Amino acid sequence: MMPFENGLQMATMRGAPERVASESSVRRRADVRVHRLDDEGLVYDPRSSDTHHLNATAMFIWSRCDGLHTCHAMADALAGQFDVSERAAFEHVDRTIEEFHKRRLLSEDVVTTEATG
Amino acid sequence: MARDRTQHFKIGVVSTGLETPLRGLSRRYRALYADFEQPGPGDREILVRVAPSRTGLFKRTRYEVSVNGRVRFEPCYRDEIVPYVEWAINWEVPRVMPEYLQLHASSMEVDGVGVIFPGYSGAGKSTLTAGLLASGWRYLCDEFALIHADTLVLHPYPRAICVKKPSHSVVESLGLKLCGSKRYLKGGKGFVGFLRPTDVRANAIGRSCPIGHVIFPSYVAGATPELIPVSRGEAAFSLHKVCFNLMNCDRLGVDVLAAMIRGATCYRLISGEIGATCRVVRELVAQGRQRQARCA
C-alpha cells in the first residue's frame with residue numbers, strides 16, 4: 001500500500017489553498033504535460049515551468065480530475081484501490097486536490113453536481 | 001609577449017580550443033588532452049581564450065578567461081587558470097549543444113550499458129568514477145551526462161577527471177596516479193589535481209550507449225555502502241533538478257527525462273569506503289546483466 005504522505009513534490013510553491021465540495025468535480029488543465037512512470041507521474045506546467053512529482057495516490061487522483069469524477073467517487077475508488085477507510089480516502093482526496101489548486105494545475109472552473117434524493 | 005597559439009581538441013562529442021600566449025598554460029592543458037588533439041577547429045568549437053590583463057590602481061596582473069568571445073572569469077593566479085578554463089567550457093557546453101539533454105552527473109559505460117551518477121558537487125561523483133575506472137569500467141565524463149534528446153543515447157565527453165585534494169589519497173590507494181605533480185586552485189573547492197583516464201589503461205574511454213542505471217550517490221564518511229531503490233518518478237524528479245538545460249534543449253527536457261528513465265533502474269547510493277562502494281555498484285550492474293541474459 002502506498003502511504004498518503006508526500007503525495008507531491010515540486011520545485012516551487014505558489015498560490016492559496018481552495019477547497020472543493022464533495023459533490024463537485026475538478027478538471028486538470030489541458031496544457032499541463034503528464035508522463036506516467038509506472039504508477040507515479042511527472043508533471044510539467046508550461047506556464048510556470050515548474051515540474052512536479054506525483055506519487056501513486058496523487059497520480060490516481062490526478063487521472064480522475066477529468067470533470068466527470070466527483071470527489072466522493074474519487075474517494076470511493078481510492079479506498080477500494082488502497083485499502084483505507086472511506087473517511088481517510090476522502091480527506092486525502094480533499095488535501096490532494098487542494099494541492100493541485102495551490103499549484104495551479106487545475107482549470108479554474110469547478111463542476112458542481114446537484115445533490116439528489 | 002609570446003604570440004597566441006591555438007590548440008584544438010575533440011574530447012568525445014565536444015570540440016574545444018585554447019588560445020593563449022601563456023606557454024606554461026598551453027603546455028599543461030596539452031598534457032591533459034594530448035590524446036584528443038586535432039589539427040584544426042572542430043564542429044561548433046568552444047574556443048577559450050586566456051590572456052593576461054593589467055587593470056586597477058596597482059596594475060596587478062589578472063587573467064581574462066573568455067569563451068566564444070565572452071569574458072567569463074578573471075582569476076588572479078596562474079594556478080587557478082586551468083580549472084577556470086574547464087569551468088568556462090562547462091558553461092558553454094549547454095549553449096552550443098542543445099541536441100543533448102545535459103545533467104550534472106558523472107557517466108560510465110560497462111559492456112555497452114551506460115550508468116549515470118547524478119549529484120551536486122561534493123556527492124562523490126569523481127572519486128566513484130575513478131574507482132570504477134580502476135576496476136575496469138569505461139569512462140564517459142565526470143561532470144556531465146550528455147543524453148541525445150532524440151535517441152536517448154549517452155555520449156562521451158571524457159574530460160580529465162578533476163579530483164579534490166581530500167580524495168587524492170583515495171585515488172592513489174586505487175593505484176591511480178594524478179597527471180603530473182601540479183595542483184591547481186579551484187575556487188572554494190580548494191586544490192585539485194587531474195586524472196587522465198587514458199593513463200589508467202589504453203581502452204579507458206567508453207562508447208556511446210543507452211542508459212541502464214541511474215544511481216544518485218551520496219558520500220557519508222564511514223558508512224557501509226548501500227543501494228536503496230527509488231521509483232522512476234522520484235528519480236526523474238530528482239534528475240530535473242540537476243539538469244543544466246531543461247528549458248534549452250531541442251526537446252522539452254521533462255519529455256527526454258521521462259523517456260530515458262523508463263529504460264533504467266534507479267537507486268540512491270550511500271557510499272563509504274571506495275573499494276566496498278565500487279563492489280556494491282558492480283554487483284548491481286552484474287545482476288542486471290544476468291537478469292537481461294535470462295530474459296533473452
# chains A, B, ... in the order shown; residues from 1 in each chain; ligands from 1
$ residues_around --residues "range 209-224 of chain B" --least-positions-apart "6" --cutoff "7 Å" --atoms "only C-alpha atoms" --output "number ranges by chain"
B: 112-119, 123-125, 152-155, 263-273
$ interface_residues --of "chain B" --to "chain A" --cutoff "8 Å" --atoms "only C-alpha atoms" --output "PyMOL selection string"
chain B and resi 232-234+236-237+240+254-255+258+262
$ write_last_selection --atoms "C-alpha atoms" --output "tab-separated table (two decimals), in the first residue's frame"
chain	number	residue	atom	x	y	z
B	232	ARG	CA	11.30	6.12	-11.62
B	233	GLY	CA	9.01	9.05	-10.82
B	234	GLU	CA	11.17	10.16	-7.92
B	236	ALA	CA	13.03	11.69	-12.88
B	237	PHE	CA	12.02	14.47	-10.48
B	240	HIS	CA	15.20	17.57	-13.40
B	254	VAL	CA	10.99	16.54	-18.98
B	255	ASP	CA	9.92	14.57	-22.08
B	258	ALA	CA	10.67	10.58	-18.76
B	262	ARG	CA	11.60	4.23	-18.46
$ select_by_dssp --residues "range 135-177 of chain B" --states "alpha helix (DSSP H)" --output "PyMOL selection string"
chain B and resi 165-173
$ write_last_selection --atoms "N, CA, C and O atoms" --output "compact mmCIF listing (two decimals), in the first residue's frame"
# COMPACT_ATOMS: atom_id res chain seq x y z
N LYS B 165 41.47 17.71 -3.36
CA LYS B 165 42.60 17.30 -2.53
C LYS B 165 42.26 16.19 -1.50
O LYS B 165 43.02 15.24 -1.37
N PRO B 166 41.12 16.30 -0.79
CA PRO B 166 40.83 15.23 0.18
C PRO B 166 40.73 13.84 -0.46
O PRO B 166 40.87 12.84 0.24
N SER B 167 40.48 13.78 -1.75
CA SER B 167 40.34 12.48 -2.42
C SER B 167 41.64 12.00 -3.08
O SER B 167 41.67 10.90 -3.63
N HIS B 168 42.69 12.83 -3.03
CA HIS B 168 43.94 12.42 -3.70
C HIS B 168 44.45 11.09 -3.16
O HIS B 168 44.84 10.20 -3.92
N SER B 169 44.45 10.95 -1.81
CA SER B 169 44.99 9.72 -1.23
C SER B 169 44.08 8.52 -1.57
O SER B 169 44.57 7.41 -1.75
N VAL B 170 42.77 8.79 -1.69
CA VAL B 170 41.83 7.71 -2.05
C VAL B 170 42.15 7.21 -3.46
O VAL B 170 42.23 6.00 -3.72
N VAL B 171 42.35 8.16 -4.37
CA VAL B 171 42.65 7.81 -5.75
C VAL B 171 43.99 7.07 -5.84
O VAL B 171 44.11 6.06 -6.54
N GLU B 172 44.96 7.54 -5.08
CA GLU B 172 46.26 6.88 -5.09
C GLU B 172 46.17 5.47 -4.50
O GLU B 172 46.85 4.56 -4.95
N SER B 173 45.27 5.30 -3.52
CA SER B 173 45.10 3.96 -2.93
C SER B 173 44.53 2.97 -3.94
O SER B 173 44.62 1.76 -3.76
$ residues_around --residues "range 247-249 of chain B" --least-positions-apart "2" --cutoff "9 Å" --atoms "only C-alpha atoms" --output "compact mmCIF listing (two decimals) with N, CA, C and O atoms, in the first residue's frame"
# COMPACT_ATOMS: atom_id res chain seq x y z
N SER A 49 6.72 26.75 -15.74
CA SER A 49 7.95 25.95 -15.92
C SER A 49 8.27 25.10 -14.69
O SER A 49 9.40 24.66 -14.53
N PRO B 94 26.20 23.59 -22.58
CA PRO B 94 24.74 23.57 -22.76
C PRO B 94 24.26 24.52 -23.85
O PRO B 94 23.26 24.25 -24.51
N ARG B 95 24.98 25.63 -24.05
CA ARG B 95 24.54 26.61 -25.05
C ARG B 95 24.78 26.13 -26.47
O ARG B 95 23.94 26.31 -27.34
N MET B 97 25.38 22.98 -27.52
CA MET B 97 24.98 21.61 -27.87
C MET B 97 23.56 21.31 -27.38
O MET B 97 23.36 20.45 -26.51
N PRO B 98 22.56 22.02 -27.93
CA PRO B 98 21.19 21.84 -27.43
C PRO B 98 20.58 20.50 -27.82
O PRO B 98 19.49 20.17 -27.36
N GLU B 99 21.25 19.76 -28.68
CA GLU B 99 20.69 18.45 -29.07
C GLU B 99 20.85 17.42 -27.96
O GLU B 99 20.29 16.32 -28.03
N TYR B 100 21.63 17.78 -26.93
CA TYR B 100 21.80 16.89 -25.79
C TYR B 100 21.09 17.45 -24.56
O TYR B 100 21.21 18.65 -24.27
N LEU B 101 20.41 16.58 -23.84
CA LEU B 101 19.96 16.95 -22.50
C LEU B 101 21.17 16.74 -21.60
O LEU B 101 21.84 15.70 -21.66
N GLN B 102 21.49 17.73 -20.80
CA GLN B 102 22.75 17.70 -20.05
C GLN B 102 22.49 17.72 -18.55
O GLN B 102 21.91 18.66 -18.03
N ALA B 149 18.82 13.99 -27.21
CA ALA B 149 17.39 14.18 -26.95
C ALA B 149 16.50 13.29 -27.81
O ALA B 149 15.41 12.92 -27.39
N PHE B 244 21.12 20.86 -16.62
CA PHE B 244 21.68 22.17 -16.99
C PHE B 244 20.82 22.90 -18.02
O PHE B 244 20.90 24.11 -18.13
N ASN B 245 20.09 22.15 -18.83
CA ASN B 245 19.38 22.80 -19.95
C ASN B 245 17.96 22.27 -20.12
O ASN B 245 17.55 21.99 -21.25
N ARG B 251 14.50 19.24 -27.39
CA ARG B 251 13.18 18.72 -26.99
C ARG B 251 12.92 19.17 -25.57
O ARG B 251 13.86 19.47 -24.83
N LEU B 252 11.66 19.19 -25.16
CA LEU B 252 11.36 19.57 -23.79
C LEU B 252 12.07 18.59 -22.83
O LEU B 252 11.95 17.38 -22.97
N GLY B 253 12.81 19.16 -21.89
CA GLY B 253 13.66 18.35 -21.01
C GLY B 253 12.90 17.25 -20.27
O GLY B 253 13.38 16.12 -20.19
N VAL B 254 11.71 17.56 -19.74
CA VAL B 254 10.99 16.54 -18.98
C VAL B 254 10.55 15.38 -19.88
O VAL B 254 10.47 14.24 -19.42
$ atom_distance --atom1 "CA of Tyr157 in chain B" --atom2 "CA of Thr16 in chain B"
11.0 Å
$ select_by_dssp --residues "range 59-295 of chain B" --states "strand (DSSP E)" --output "ChimeraX atom specification"
/B:60-67,70-73,100-110,113-118,138-141,144-148,153-155,161-164,184-185,191-195,209-219,226-229,265-271
$ residues_around --residues "Val280 in chain B" --least-positions-apart "5" --cutoff "8 Å" --atoms "only C-alpha atoms" --output "list of chain:residue names"
B:Pro225, B:Glu226, B:Leu227
$ write_last_selection --atoms "N, CA, C and O atoms" --output "compact mmCIF listing (two decimals), in the first residue's frame"
# COMPACT_ATOMS: atom_id res chain seq x y z
N PRO B 225 28.45 0.88 2.50
CA PRO B 225 27.79 1.20 1.22
C PRO B 225 26.46 0.46 1.07
O PRO B 225 26.36 -0.71 1.43
N GLU B 226 25.49 1.18 0.55
CA GLU B 226 24.15 0.60 0.44
C GLU B 226 23.43 1.20 -0.75
O GLU B 226 23.53 2.41 -1.00
N LEU B 227 22.71 0.37 -1.49
CA LEU B 227 21.89 0.85 -2.61
C LEU B 227 20.43 0.77 -2.20
O LEU B 227 19.97 -0.27 -1.73
$ atom_distance --atom1 "CA of Tyr29 in chain B" --atom2 "CA of Ser106 in chain B"
21.3 Å
$ closest_residue --among "B:Pro21, B:Gly188, B:Gly288, B:Pro52" --to "Ser121 in chain B" --atoms "only C-alpha atoms"
B:Gly188
$ closest_atom_pairs --of "range 196-282 of chain B" --to "range 32-36 of chain B" --cutoff "10 Å" --atoms "only C-alpha atoms" --output "Markdown table"
| residue | atom | partner | partner_atom | distance |
| --- | --- | --- | --- | --- |
| B:Arg196 | CA | B:Leu32 | CA | 6.4 |
| B:Pro197 | CA | B:Leu32 | CA | 9.7 |
| B:Thr198 | CA | B:Asp35 | CA | 8.0 |
$ atom_distance --atom1 "CA of Ser15 in chain B" --atom2 "CA of Glu45 in chain B"
4.7 Å
